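J.: What follows is the file final-v7.csv, containing CSV, C-alpha atoms and all ligand atoms:
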chain,number,residue,atom,x,y,z
B,1,MET,CA,-108.9,-100.7,-128.2
B,2,ARG,CA,-105.3,-100.9,-127.1
B,3,ALA,CA,-102.8,-101.3,-130.0
B,4,SER,CA,-100.6,-104.1,-128.6
B,5,PHE,CA,-101.5,-107.3,-126.7
B,6,LEU,CA,-101.3,-107.0,-122.9
B,7,PRO,CA,-100.1,-110.4,-121.7
B,8,TYR,CA,-101.7,-112.0,-118.7
B,9,CYS,CA,-98.5,-111.9,-116.8
B,10,LYS,CA,-94.9,-110.6,-117.2
B,11,PRO,CA,-92.2,-111.1,-114.6
B,12,GLN,CA,-90.5,-108.0,-113.2
B,13,LEU,CA,-86.8,-108.6,-114.1
B,14,ASP,CA,-84.4,-105.7,-114.1
B,15,GLU,CA,-80.6,-105.4,-114.6
B,16,ALA,CA,-80.0,-106.4,-111.0
B,17,GLU,CA,-81.6,-109.8,-111.6
B,18,ILE,CA,-79.7,-110.3,-114.8
B,19,GLU,CA,-76.5,-109.3,-113.1
B,20,SER,CA,-77.1,-111.7,-110.2
B,21,ILE,CA,-77.4,-114.7,-112.6
B,22,ALA,CA,-74.3,-113.5,-114.6
B,23,THR,CA,-72.3,-113.3,-111.4
B,24,SER,CA,-73.4,-116.7,-110.4
B,25,PHE,CA,-72.3,-118.1,-113.8
B,26,ARG,CA,-69.0,-116.3,-113.5
B,27,ASN,CA,-68.2,-117.8,-110.1
B,28,GLY,CA,-68.8,-121.2,-111.7
B,29,TRP,CA,-71.0,-122.7,-109.0
B,30,LEU,CA,-74.1,-124.0,-110.9
B,31,THR,CA,-75.7,-126.6,-108.7
B,32,SER,CA,-77.0,-125.9,-105.2
B,33,GLY,CA,-74.3,-123.8,-103.5
B,34,PRO,CA,-73.6,-120.5,-101.8
B,35,ASN,CA,-76.6,-118.7,-103.3
B,36,VAL,CA,-79.0,-121.5,-102.2
B,37,LYS,CA,-77.7,-121.3,-98.7
B,38,GLU,CA,-78.0,-117.6,-98.5
B,39,PHE,CA,-81.5,-117.6,-100.2
B,40,GLU,CA,-82.7,-120.1,-97.6
B,41,ARG,CA,-81.2,-118.0,-94.7
B,42,GLU,CA,-82.7,-114.8,-96.1
B,43,PHE,CA,-86.1,-116.3,-96.8
B,44,ALA,CA,-86.3,-117.8,-93.2
B,45,GLU,CA,-85.3,-114.4,-91.8
B,46,ARG,CA,-87.9,-112.5,-93.9
B,47,SER,CA,-90.7,-115.0,-93.2
B,48,GLY,CA,-90.0,-115.4,-89.5
B,49,VAL,CA,-90.2,-119.1,-90.0
B,50,SER,CA,-87.2,-121.0,-88.6
B,51,HIS,CA,-86.3,-123.3,-91.5
B,52,ALA,CA,-86.4,-122.8,-95.2
B,53,VAL,CA,-85.4,-125.5,-97.8
B,54,ALA,CA,-85.0,-124.3,-101.3
B,55,LEU,CA,-86.3,-126.7,-104.0
B,56,ASN,CA,-86.9,-126.6,-107.7
B,57,SER,CA,-90.6,-126.1,-107.5
B,58,CYS,CA,-93.6,-125.7,-105.2
B,59,THR,CA,-94.7,-129.1,-106.4
B,60,ALA,CA,-91.4,-130.6,-105.1
B,61,ALA,CA,-91.9,-128.8,-101.8
B,62,LEU,CA,-95.4,-130.2,-101.4
B,63,HIS,CA,-94.1,-133.7,-102.3
B,64,VAL,CA,-91.3,-133.7,-99.8
B,65,ALA,CA,-93.5,-132.2,-97.1
B,66,LEU,CA,-96.1,-134.9,-97.5
B,67,ALA,CA,-93.4,-137.6,-97.6
B,68,ALA,CA,-91.6,-136.2,-94.6
B,69,LEU,CA,-94.9,-136.2,-92.7
B,70,GLY,CA,-95.2,-139.9,-93.5
B,71,VAL,CA,-98.2,-139.7,-95.9
B,72,GLY,CA,-98.6,-143.0,-97.7
B,73,PRO,CA,-100.9,-145.8,-98.8
B,74,GLY,CA,-104.2,-145.9,-97.0
B,75,ASP,CA,-104.0,-142.2,-96.0
B,76,GLU,CA,-106.3,-139.4,-97.2
B,77,VAL,CA,-105.2,-135.8,-97.9
B,78,VAL,CA,-107.9,-133.1,-98.0
B,79,THR,CA,-107.3,-130.4,-100.6
B,80,PRO,CA,-109.3,-127.9,-102.5
B,81,SER,CA,-110.3,-129.0,-106.0
B,82,LEU,CA,-110.2,-125.3,-107.1
B,83,THR,CA,-106.4,-125.2,-107.2
B,84,PHE,CA,-103.5,-126.3,-109.3
B,85,VAL,CA,-103.2,-130.1,-109.6
B,86,ALA,CA,-99.9,-130.3,-107.7
B,87,GLY,CA,-101.1,-131.2,-104.2
B,88,ALA,CA,-103.4,-133.9,-105.5
B,89,GLN,CA,-100.7,-135.2,-107.8
B,90,CYS,CA,-98.1,-135.5,-105.0
B,91,THR,CA,-100.7,-137.2,-102.8
B,92,LEU,CA,-101.3,-139.9,-105.5
B,93,GLU,CA,-97.6,-140.3,-106.1
B,94,LEU,CA,-97.2,-141.3,-102.4
B,95,GLY,CA,-100.0,-143.9,-102.7
B,96,ALA,CA,-102.5,-141.8,-100.7
B,97,THR,CA,-105.9,-140.5,-101.8
B,98,PRO,CA,-106.7,-136.8,-102.4
B,99,VAL,CA,-110.1,-135.9,-101.0
B,100,PHE,CA,-111.6,-132.6,-102.3
B,101,ALA,CA,-113.2,-130.0,-100.1
B,102,ASP,CA,-115.5,-127.3,-101.4
B,103,ILE,CA,-114.7,-123.6,-101.3
B,104,ASP,CA,-116.4,-120.6,-99.7
B,105,PRO,CA,-117.5,-118.6,-102.8
B,106,GLN,CA,-116.5,-115.3,-101.2
B,107,THR,CA,-112.9,-116.2,-100.3
B,108,LEU,CA,-112.5,-118.9,-102.9
B,109,SER,CA,-110.6,-121.1,-100.4
B,110,VAL,CA,-111.6,-124.1,-98.3
B,111,THR,CA,-113.0,-123.5,-94.8
B,112,ARG,CA,-113.1,-125.4,-91.5
B,113,GLU,CA,-116.7,-126.4,-92.4
B,114,THR,CA,-115.9,-127.6,-95.9
B,115,ILE,CA,-113.0,-129.6,-94.6
B,116,GLU,CA,-114.9,-131.0,-91.7
B,117,ALA,CA,-117.5,-132.3,-94.1
B,118,VAL,CA,-115.0,-134.6,-95.8
B,119,ILE,CA,-112.5,-135.6,-93.1
B,120,THR,CA,-112.5,-139.3,-92.0
B,121,GLU,CA,-110.4,-141.3,-89.6
B,122,ARG,CA,-108.0,-141.8,-92.5
B,123,THR,CA,-107.3,-138.1,-93.0
B,124,LYS,CA,-103.5,-137.7,-92.4
B,125,ALA,CA,-103.1,-134.2,-93.8
B,126,ILE,CA,-104.8,-131.1,-95.1
B,127,ILE,CA,-103.4,-128.9,-97.8
B,128,SER,CA,-105.0,-125.4,-97.6
B,129,MET,CA,-104.4,-122.9,-100.3
B,130,PRO,CA,-104.9,-119.1,-99.8
B,131,TYR,CA,-106.5,-118.4,-103.2
B,132,ALA,CA,-104.7,-115.6,-105.1
B,133,GLY,CA,-102.9,-114.8,-101.9
B,134,ARG,CA,-106.0,-113.9,-99.8
B,135,PRO,CA,-105.3,-114.9,-96.2
B,136,LEU,CA,-107.8,-117.6,-95.1
B,137,GLY,CA,-107.4,-117.4,-91.3
B,138,ILE,CA,-104.7,-120.0,-90.8
B,139,ALA,CA,-104.6,-119.8,-87.0
B,140,SER,CA,-108.2,-121.2,-86.7
B,141,LEU,CA,-107.5,-123.9,-89.4
B,142,ALA,CA,-104.2,-124.9,-87.6
B,143,GLN,CA,-106.1,-125.3,-84.3
B,144,PHE,CA,-108.8,-127.3,-86.0
B,145,ALA,CA,-106.1,-129.7,-87.5
B,146,ARG,CA,-104.1,-129.9,-84.3
B,147,GLU,CA,-107.1,-130.8,-82.2
B,148,ARG,CA,-107.7,-133.8,-84.6
B,149,GLY,CA,-104.1,-134.9,-84.9
B,150,ILE,CA,-104.1,-134.0,-88.7
B,151,ALA,CA,-101.1,-132.3,-90.3
B,152,LEU,CA,-101.6,-129.0,-92.0
B,153,ILE,CA,-99.6,-127.9,-95.0
B,154,GLU,CA,-100.1,-124.6,-96.8
B,155,ASP,CA,-99.9,-124.6,-100.5
B,156,ALA,CA,-98.4,-121.0,-100.4
B,157,ALA,CA,-97.8,-120.8,-104.2
B,158,HIS,CA,-99.6,-117.4,-104.2
B,159,ALA,CA,-98.5,-116.3,-100.8
B,160,ALA,CA,-95.2,-114.4,-101.3
B,161,GLY,CA,-96.2,-110.9,-99.9
B,162,MET,CA,-99.3,-112.2,-98.0
B,163,LEU,CA,-99.7,-111.8,-94.3
B,164,ASP,CA,-102.3,-113.8,-92.4
B,165,GLN,CA,-102.9,-111.7,-89.2
B,166,GLY,CA,-99.4,-110.3,-89.5
B,167,GLU,CA,-97.7,-113.7,-90.2
B,168,TRP,CA,-96.2,-115.3,-93.2
B,169,ALA,CA,-97.4,-118.8,-94.4
B,170,GLY,CA,-95.6,-121.5,-92.5
B,171,THR,CA,-95.8,-119.8,-89.2
B,172,ARG,CA,-98.9,-121.7,-87.8
B,173,SER,CA,-99.0,-124.7,-90.1
B,174,ASP,CA,-96.7,-127.7,-90.1
B,175,ALA,CA,-95.1,-126.4,-93.3
B,176,ALA,CA,-95.8,-124.1,-96.2
B,177,ALA,CA,-94.7,-124.6,-99.9
B,178,TYR,CA,-94.0,-121.4,-101.9
B,179,SER,CA,-93.8,-121.3,-105.7
B,180,PHE,CA,-91.3,-119.2,-107.6
B,181,TYR,CA,-92.8,-120.1,-111.0
B,182,ALA,CA,-92.7,-117.4,-113.6
B,183,THR,CA,-96.2,-116.0,-112.9
B,184,LYS,CA,-95.7,-115.7,-109.1
B,185,ASN,CA,-95.0,-112.6,-107.0
B,186,LEU,CA,-91.4,-113.7,-106.6
B,187,THR,CA,-89.8,-115.8,-109.3
B,188,THR,CA,-86.7,-117.9,-109.9
B,189,ALA,CA,-88.1,-119.0,-113.3
B,190,GLU,CA,-88.8,-122.3,-111.7
B,191,GLY,CA,-88.4,-122.9,-108.0
B,192,GLY,CA,-89.9,-123.3,-104.6
B,193,MET,CA,-89.3,-123.0,-100.9
B,194,LEU,CA,-90.5,-125.2,-98.1
B,195,VAL,CA,-90.7,-123.3,-94.8
B,196,THR,CA,-91.4,-124.9,-91.4
B,197,ASN,CA,-90.8,-124.3,-87.7
B,198,ASN,CA,-90.2,-128.0,-87.3
B,199,ALA,CA,-86.5,-128.8,-87.4
B,200,GLU,CA,-87.0,-132.5,-87.8
B,201,LEU,CA,-89.4,-132.0,-90.7
B,202,ALA,CA,-87.0,-129.6,-92.4
B,203,ASP,CA,-84.1,-132.1,-92.1
B,204,ARG,CA,-86.2,-134.9,-93.5
B,205,ALA,CA,-87.4,-132.6,-96.4
B,206,ARG,CA,-83.9,-131.6,-97.1
B,207,ILE,CA,-82.6,-135.1,-97.3
B,208,LEU,CA,-85.6,-136.3,-99.4
B,209,GLY,CA,-85.2,-133.4,-101.8
B,210,LEU,CA,-81.7,-134.6,-102.7
B,211,HIS,CA,-82.0,-138.4,-103.4
B,212,GLY,CA,-82.2,-139.2,-99.7
B,213,MET,CA,-78.5,-138.3,-99.4
B,214,SER,CA,-77.1,-137.5,-96.0
B,215,LYS,CA,-74.9,-134.8,-97.3
B,216,ASP,CA,-75.7,-132.3,-100.0
B,217,ALA,CA,-73.6,-131.3,-103.0
B,218,TRP,CA,-72.5,-128.1,-101.4
B,219,LYS,CA,-70.8,-129.9,-98.6
B,220,ARG,CA,-69.3,-132.6,-100.9
B,221,TYR,CA,-67.6,-130.2,-103.3
B,222,SER,CA,-66.6,-127.4,-101.0
B,223,ALA,CA,-63.3,-127.0,-99.1
B,224,GLY,CA,-63.3,-129.3,-96.2
B,225,GLY,CA,-66.1,-131.5,-97.6
B,226,SER,CA,-65.8,-135.2,-97.9
B,227,TRP,CA,-66.6,-137.5,-100.8
B,228,ARG,CA,-68.3,-139.9,-98.4
B,229,TYR,CA,-72.1,-139.8,-98.1
B,230,ASP,CA,-74.8,-142.2,-97.2
B,231,VAL,CA,-78.2,-142.5,-98.8
B,232,VAL,CA,-80.6,-143.0,-95.9
B,233,ALA,CA,-83.9,-143.4,-97.9
B,234,PRO,CA,-85.1,-143.3,-101.5
B,235,GLY,CA,-85.6,-139.6,-102.3
B,236,PHE,CA,-86.1,-137.2,-105.2
B,237,LYS,CA,-83.9,-134.9,-107.3
B,238,TYR,CA,-85.5,-131.6,-106.3
B,239,ASN,CA,-82.6,-129.2,-105.5
B,240,LEU,CA,-82.6,-125.6,-106.7
B,241,ALA,CA,-79.8,-124.5,-109.1
B,242,ASP,CA,-77.5,-121.8,-107.7
B,243,PRO,CA,-78.0,-119.2,-110.4
B,244,LEU,CA,-81.8,-119.5,-109.8
B,245,ALA,CA,-81.3,-118.9,-106.1
B,246,ALA,CA,-79.2,-115.8,-107.0
B,247,LEU,CA,-82.2,-114.5,-109.0
B,248,GLY,CA,-84.5,-115.4,-106.1
B,249,ARG,CA,-82.4,-113.4,-103.6
B,250,GLU,CA,-82.6,-110.3,-105.8
B,251,GLN,CA,-86.4,-110.8,-106.1
B,252,LEU,CA,-86.8,-111.2,-102.4
B,253,ALA,CA,-84.9,-108.0,-101.8
B,254,ARG,CA,-87.4,-106.1,-103.9
B,255,LEU,CA,-90.5,-108.0,-103.0
B,256,ASP,CA,-91.9,-105.0,-100.9
B,257,GLY,CA,-91.7,-102.6,-103.9
B,258,MET,CA,-93.3,-105.1,-106.3
B,259,GLN,CA,-96.1,-105.7,-103.8
B,260,ARG,CA,-96.7,-102.0,-103.4
B,261,ARG,CA,-97.4,-101.8,-107.1
B,262,ARG,CA,-99.7,-104.9,-107.0
B,263,HIS,CA,-101.7,-103.2,-104.2
B,264,GLU,CA,-102.1,-99.9,-106.2
B,265,LEU,CA,-103.3,-101.9,-109.3
B,266,ALA,CA,-105.7,-104.0,-107.2
B,267,ALA,CA,-107.2,-100.9,-105.6
B,268,ARG,CA,-107.7,-99.3,-109.1
B,269,PHE,CA,-109.4,-102.5,-110.3
B,270,ARG,CA,-111.6,-102.9,-107.3
B,271,THR,CA,-113.0,-99.4,-107.4
B,272,ALA,CA,-113.8,-99.6,-111.1
B,273,ILE,CA,-115.1,-103.2,-111.1
B,274,SER,CA,-117.4,-102.7,-108.1
B,275,ALA,CA,-119.5,-100.5,-110.4
B,276,MET,CA,-119.7,-103.0,-113.3
B,277,ASN,CA,-122.8,-105.0,-114.2
B,278,GLY,CA,-122.8,-108.6,-113.2
B,279,VAL,CA,-119.1,-108.7,-112.2
B,280,SER,CA,-118.1,-109.8,-108.7
B,281,MET,CA,-114.8,-110.1,-107.0
B,282,GLN,CA,-113.2,-112.1,-104.2
B,283,ALA,CA,-114.0,-110.7,-100.8
B,284,VAL,CA,-111.1,-108.7,-99.3
B,285,PRO,CA,-109.6,-109.9,-96.0
B,286,GLU,CA,-111.0,-108.3,-92.9
B,287,ARG,CA,-108.9,-109.4,-89.9
B,288,ASN,CA,-106.3,-107.2,-88.4
B,289,GLY,CA,-102.9,-107.7,-89.9
B,290,ASP,CA,-104.3,-109.5,-93.0
B,291,VAL,CA,-102.5,-108.5,-96.2
B,292,HIS,CA,-103.6,-109.9,-99.6
B,293,SER,CA,-100.7,-110.7,-101.9
B,294,TRP,CA,-102.7,-110.1,-105.1
B,295,CYS,CA,-100.8,-112.9,-106.9
B,296,MET,CA,-103.9,-113.0,-109.1
B,297,PHE,CA,-106.9,-110.7,-109.6
B,298,VAL,CA,-110.0,-112.8,-110.4
B,299,VAL,CA,-113.5,-111.6,-111.4
B,300,MET,CA,-116.6,-113.7,-111.6
B,301,ILE,CA,-119.0,-113.0,-114.5
B,302,ASP,CA,-122.6,-113.6,-113.8
B,303,GLU,CA,-124.1,-114.4,-117.3
B,304,LYS,CA,-127.6,-113.6,-116.2
B,305,LYS,CA,-126.7,-110.1,-115.2
B,306,SER,CA,-123.9,-109.2,-117.6
B,307,ALA,CA,-125.5,-110.8,-120.8
B,308,VAL,CA,-122.2,-112.5,-121.6
B,309,GLY,CA,-120.8,-115.9,-120.4
B,310,ARG,CA,-117.3,-116.4,-119.1
B,311,ASP,CA,-116.0,-118.1,-122.2
B,312,ARG,CA,-117.3,-115.5,-124.6
B,313,ALA,CA,-116.0,-112.7,-122.3
B,314,ILE,CA,-112.5,-114.2,-122.6
B,315,GLU,CA,-112.8,-114.3,-126.4
B,316,LEU,CA,-114.0,-110.7,-126.4
B,317,LEU,CA,-111.2,-109.6,-124.1
B,318,THR,CA,-108.6,-111.3,-126.3
B,319,GLU,CA,-110.1,-109.5,-129.3
B,320,GLN,CA,-109.5,-106.3,-127.4
B,321,ASN,CA,-105.8,-107.3,-126.9
B,322,ILE,CA,-106.2,-108.2,-123.2
B,323,GLY,CA,-104.7,-111.5,-122.1
B,324,THR,CA,-106.4,-113.5,-119.4
B,325,SER,CA,-106.3,-116.9,-117.7
B,326,VAL,CA,-108.6,-119.2,-115.8
B,327,HIS,CA,-107.6,-120.4,-112.3
B,328,TYR,CA,-108.6,-123.2,-112.2
B,329,VAL,CA,-110.3,-126.0,-113.9
B,330,PRO,CA,-111.2,-127.9,-110.8
B,331,THR,CA,-109.0,-131.0,-110.4
B,332,HIS,CA,-111.9,-133.4,-110.0
B,333,LEU,CA,-113.1,-132.5,-113.4
B,334,PHE,CA,-109.9,-133.6,-115.2
B,335,SER,CA,-110.2,-136.9,-117.0
B,336,GLY,CA,-107.3,-138.4,-114.9
B,337,TYR,CA,-108.9,-137.3,-111.6
B,338,ARG,CA,-112.6,-137.8,-112.2
B,339,SER,CA,-112.7,-141.1,-110.5
B,340,LEU,CA,-111.6,-139.5,-107.2
B,341,ARG,CA,-114.8,-137.5,-106.9
B,342,ARG,CA,-116.5,-138.4,-103.7
B,343,SER,CA,-118.9,-135.8,-102.3
B,344,PRO,CA,-120.5,-132.9,-104.2
B,345,LEU,CA,-118.6,-129.7,-104.7
B,346,PRO,CA,-121.4,-127.3,-105.6
B,347,GLU,CA,-119.6,-124.0,-105.1
B,348,THR,CA,-116.4,-125.1,-106.8
B,349,GLU,CA,-118.4,-126.3,-109.8
B,350,ARG,CA,-120.5,-123.2,-110.0
B,351,VAL,CA,-117.9,-120.5,-109.4
B,352,TRP,CA,-115.1,-121.8,-111.6
B,353,GLN,CA,-117.4,-121.4,-114.6
B,354,GLN,CA,-117.6,-117.7,-113.9
B,355,MET,CA,-113.9,-117.0,-113.3
B,356,ILE,CA,-111.5,-114.9,-115.3
B,357,SER,CA,-108.0,-114.0,-114.0
B,358,LEU,CA,-107.2,-110.5,-115.3
B,359,PRO,CA,-103.6,-109.2,-115.9
B,360,LEU,CA,-102.1,-107.8,-112.7
B,361,PHE,CA,-98.3,-107.5,-112.5
B,362,PRO,CA,-96.0,-104.8,-111.1
B,363,ALA,CA,-94.7,-103.7,-114.5
B,364,MET,CA,-98.2,-102.7,-115.6
B,365,THR,CA,-98.8,-99.0,-116.1
B,366,ASP,CA,-102.0,-97.2,-115.0
B,367,GLU,CA,-102.8,-97.0,-118.7
B,368,ASP,CA,-102.5,-100.8,-119.0
B,369,ALA,CA,-104.8,-101.1,-116.0
B,370,ASP,CA,-107.3,-98.7,-117.6
B,371,ASP,CA,-107.2,-100.7,-120.8
B,372,VAL,CA,-108.2,-103.8,-118.9
B,373,LEU,CA,-111.0,-102.0,-117.1
B,374,ASN,CA,-112.4,-100.4,-120.3
B,375,ALA,CA,-112.3,-103.7,-122.1
B,376,LEU,CA,-114.0,-105.5,-119.3
B,377,GLU,CA,-116.6,-102.8,-119.0
B,378,ALA,CA,-117.4,-103.0,-122.7
B,379,VAL,CA,-117.6,-106.8,-122.6
B,380,VAL,CA,-120.0,-107.0,-119.7
B,381,SER,CA,-122.2,-104.1,-120.7
B,382,PRO,CA,-125.5,-105.4,-122.2
B,383,ARG,CA,-125.6,-102.5,-124.6
B,384,VAL,CA,-122.2,-103.3,-126.2
B,385,PHE,CA,-123.0,-107.0,-126.2
B,386,ALA,CA,-126.3,-106.5,-127.9
B,387,ALA,CA,-124.7,-104.3,-130.6
B,388,GLU,CA,-122.2,-107.0,-131.2
B,389,GLN,CA,-124.9,-109.6,-131.6
B,390,ALA,CA,-126.7,-107.5,-134.1
B,391,VAL,CA,-123.7,-107.3,-136.4
B,401,LIG,C1,-101.9,-123.0,-106.2
B,401,LIG,C2,-100.7,-123.6,-106.8
B,401,LIG,N1,-100.1,-124.7,-106.2
B,401,LIG,C3,-99.0,-125.2,-106.8
B,401,LIG,C4,-98.4,-124.8,-107.9
B,401,LIG,C5,-97.2,-125.4,-108.4
B,401,LIG,O1,-96.1,-124.6,-108.4
B,401,LIG,P1,-94.8,-125.0,-109.1
B,401,LIG,O2,-94.9,-124.8,-110.6
B,401,LIG,O3,-93.7,-124.1,-108.5
B,401,LIG,O4,-94.5,-126.4,-108.8
B,401,LIG,C6,-99.0,-123.7,-108.6
B,401,LIG,C7,-98.4,-123.2,-109.8
B,401,LIG,O5,-98.9,-122.5,-110.6
B,401,LIG,C8,-100.1,-123.1,-108.0
B,401,LIG,O6,-100.7,-122.0,-108.6
Using the file provided, produce a representation of the structure as structure tokens.
T.:
Amino acid sequence: MRASFLPYCKPQLDEAEIESIATSFRNGWLTSGPNVKEFEREFAERSGVSHAVALNSCTAALHVALAALGVGPGDEVVTPSLTFVAGAQCTLELGATPVFADIDPQTLSVTRETIEAVITERTKAIISMPYAGRPLGIASLAQFARERGIALIEDAAHAAGMLDQGEWAGTRSDAAAYSFYATKNLTTAEGGMLVTNNAELADRARILGLHGMSKDAWKRYSAGGSWRYDVVAPGFKYNLADPLAALGREQLARLDGMQRRRHELAARFRTAISAMNGVSMQAVPERNGDVHSWCMFVVMIDEKKSAVGRDRAIELLTEQNIGTSVHYVPTHLFSGYRSLRRSPLPETERVWQQMISLPLFPAMTDEDADDVLNALEAVVSPRVFAAEQAV
């Protein structure tokens, strides 16, 4: 057993990141300013999507995207239930109704078919989520949505480093919302980015993200700026702080290196886990140009084959100093969301009970990875489990 606890996740922050924040503090510009502008420009350039709007979370990005698309009372927004609650929450905040679509148990994301099963004439938008950063075939989903006059937003929280047939999230859809939360592939501690090829949508999102003001703080307080501004609509306080954007710029610059390490670790995991009893994994993408981002590495424990259930497996892994997580408790099972359940979600309800997210982050060594694999092997091996029961 390893001597010290391996956390589920640890951000990769080096001197360059610390220096970027220190420099930002020294130059004295704390609210959205020059680093935000540059971060947006660099992110748009890297992603190949025309417009990038930096915000203080992915949740904020989803909220302003839905608002900018005019989602409101009477509308329905289709979303997976097997995701973080953000998309459903923002939908409710706008007075619309989240409608949950089931997942494909191989990809762990929604599909055209599961979406088609729940859309109605009230469906105004779809929020798709490439689970763990596995590309879900956005071109086909975008065509499906376009043919029906429904907006498509990507919850791209896991998607930094992902390519869907060679393209970043936001290329095919109406907009994509990235998360820079501490556990994501690129972090600003807290933060997000809305990307879109729709200039009008970007403008509206930018205005809504800063109180509905027609001019942002950068313009007001910089040389040549004016104190005059208008408030054109009620908006939100969602702008990103400049030191966090400085951190984001540094992280973006080294994203490729961090992704290389994620891929090495994921390959090591996949080889070893494919030989384990009763443990299955998310299917790898197959289309040309698809690149998984490995924001998470999830295994499914089949209790009948491995002789241990998911919850007990988590306890046993913790006892072996391996941190884990579960992504996600389906939204429709939360007490505050239960009343929204409409149609059955059999795969979501079956698969989530088997899921464990294993540690996978760039700073992990090969030895850390082997500790995870050895611990998992011991936990799912019927022999070890039986010995434990006998004690
Ligand atoms: C799939 C998904 N969507 C949205 C979010 C929300 O991101 P943020 O914390 O940046 O608002 C998360 C965060 O964990 C997430 O995993």
J.: May I have the residues at most 7 Å from (-95.8, -124.9, -96.6) in the file's coordinates, counting all atoms listed in the file, as a count of residues only?
T.: 13
J.: Neighbours of Ser81 in chain B within 7 Å (all atoms listed in the file; same-chain residues fewer than 5 positions away dropped), as a list in words?
T.: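 So the residues in contact are Phe100, Ala101, Pro330, Thr331 and His332 of chain B.
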J.: Can you tell me how far CA of Leu13 in chain B sits from CA of Gly28 in chain B, in Å to one decimal?
T.: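 So the answer is 22.1 Å.
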J.: Could you list the protein, DNA and RNA residues that have any atom within 7 Å of ligand LIG 401 (chain B), counting all atoms listed in the file, and write them as an MDAnalysis selection string?
T.: chainID B and resid 57:60 83:84 86:87 129 155 157:158 179:181 190:192
J.: Save out the residues we just selected, C-alpha atoms, as a PDB file, in the coordinates of the input.
T.:
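Everything below was put into selection15.pdb:
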ATOM      1  CA  SER B  57     -90.600-126.100-107.500  1.00  0.00           C
ATOM      2  CA  CYS B  58     -93.600-125.700-105.200  1.00  0.00           C
ATOM      3  CA  THR B  59     -94.700-129.100-106.400  1.00  0.00           C
ATOM      4  CA  ALA B  60     -91.400-130.600-105.100  1.00  0.00           C
ATOM      5  CA  THR B  83    -106.400-125.200-107.200  1.00  0.00           C
ATOM      6  CA  PHE B  84    -103.500-126.300-109.300  1.00  0.00           C
ATOM      7  CA  ALA B  86     -99.900-130.300-107.700  1.00  0.00           C
ATOM      8  CA  GLY B  87    -101.100-131.200-104.200  1.00  0.00           C
ATOM      9  CA  MET B 129    -104.400-122.900-100.300  1.00  0.00           C
ATOM     10  CA  ASP B 155     -99.900-124.600-100.500  1.00  0.00           C
ATOM     11  CA  ALA B 157     -97.800-120.800-104.200  1.00  0.00           C
ATOM     12  CA  HIS B 158     -99.600-117.400-104.200  1.00  0.00           C
ATOM     13  CA  SER B 179     -93.800-121.300-105.700  1.00  0.00           C
ATOM     14  CA  PHE B 180     -91.300-119.200-107.600  1.00  0.00           C
ATOM     15  CA  TYR B 181     -92.800-120.100-111.000  1.00  0.00           C
ATOM     16  CA  GLU B 190     -88.800-122.300-111.700  1.00  0.00           C
ATOM     17  CA  GLY B 191     -88.400-122.900-108.000  1.00  0.00           C
ATOM     18  CA  GLY B 192     -89.900-123.300-104.600  1.00  0.00           C
TER      19      GLY B 192
END
J.: What lies within 12 Å of Arg146 in chain B using all atoms listed in the file, ignoring chain neighbours under 3 positions off, as a VMD selection string?
T.: chain B and resid 124 to 126 138 to 143 149 to 153 172 to 174
J.: Which residue gives the smallest distance to Ala375 in chain B among B:Gln282, B:Thr183, B:Gln320, B:Ser335, with only C-alpha atoms counted?
T.: B:Gln320
J.: Hey, could you patch up range 281-289 of chain B with N, CA and C atoms and hand it over as a short mmCIF file (atom, residue, chain, number, x, y, z; two decimals), in the coordinates of the input?
T.:
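Full text of rebuild24.cif as output:
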data_model
loop_
_atom_site.label_atom_id
_atom_site.label_comp_id
_atom_site.auth_asym_id
_atom_site.auth_seq_id
_atom_site.Cartn_x
_atom_site.Cartn_y
_atom_site.Cartn_z
N MET B 281 -116.22 -109.91 -107.27
CA MET B 281 -114.80 -110.10 -107.00
C MET B 281 -114.67 -110.92 -105.67
N GLN B 282 -113.48 -111.44 -105.46
CA GLN B 282 -113.20 -112.10 -104.20
C GLN B 282 -113.29 -111.14 -103.05
N ALA B 283 -113.86 -111.58 -101.94
CA ALA B 283 -114.00 -110.70 -100.80
C ALA B 283 -112.59 -110.32 -100.25
N VAL B 284 -112.42 -109.06 -99.88
CA VAL B 284 -111.10 -108.70 -99.30
C VAL B 284 -111.01 -109.15 -97.88
N PRO B 285 -109.79 -109.42 -97.41
CA PRO B 285 -109.60 -109.90 -96.00
C PRO B 285 -110.03 -108.81 -95.03
N GLU B 286 -110.49 -109.24 -93.86
CA GLU B 286 -111.00 -108.30 -92.90
C GLU B 286 -110.30 -108.27 -91.56
N ARG B 287 -109.57 -109.33 -91.26
CA ARG B 287 -108.90 -109.40 -89.90
C ARG B 287 -107.76 -108.45 -89.83
N ASN B 288 -107.48 -108.01 -88.62
CA ASN B 288 -106.30 -107.20 -88.40
C ASN B 288 -105.04 -107.86 -88.79
N GLY B 289 -104.20 -107.15 -89.50
CA GLY B 289 -102.90 -107.70 -89.90
C GLY B 289 -102.98 -108.58 -91.16
#
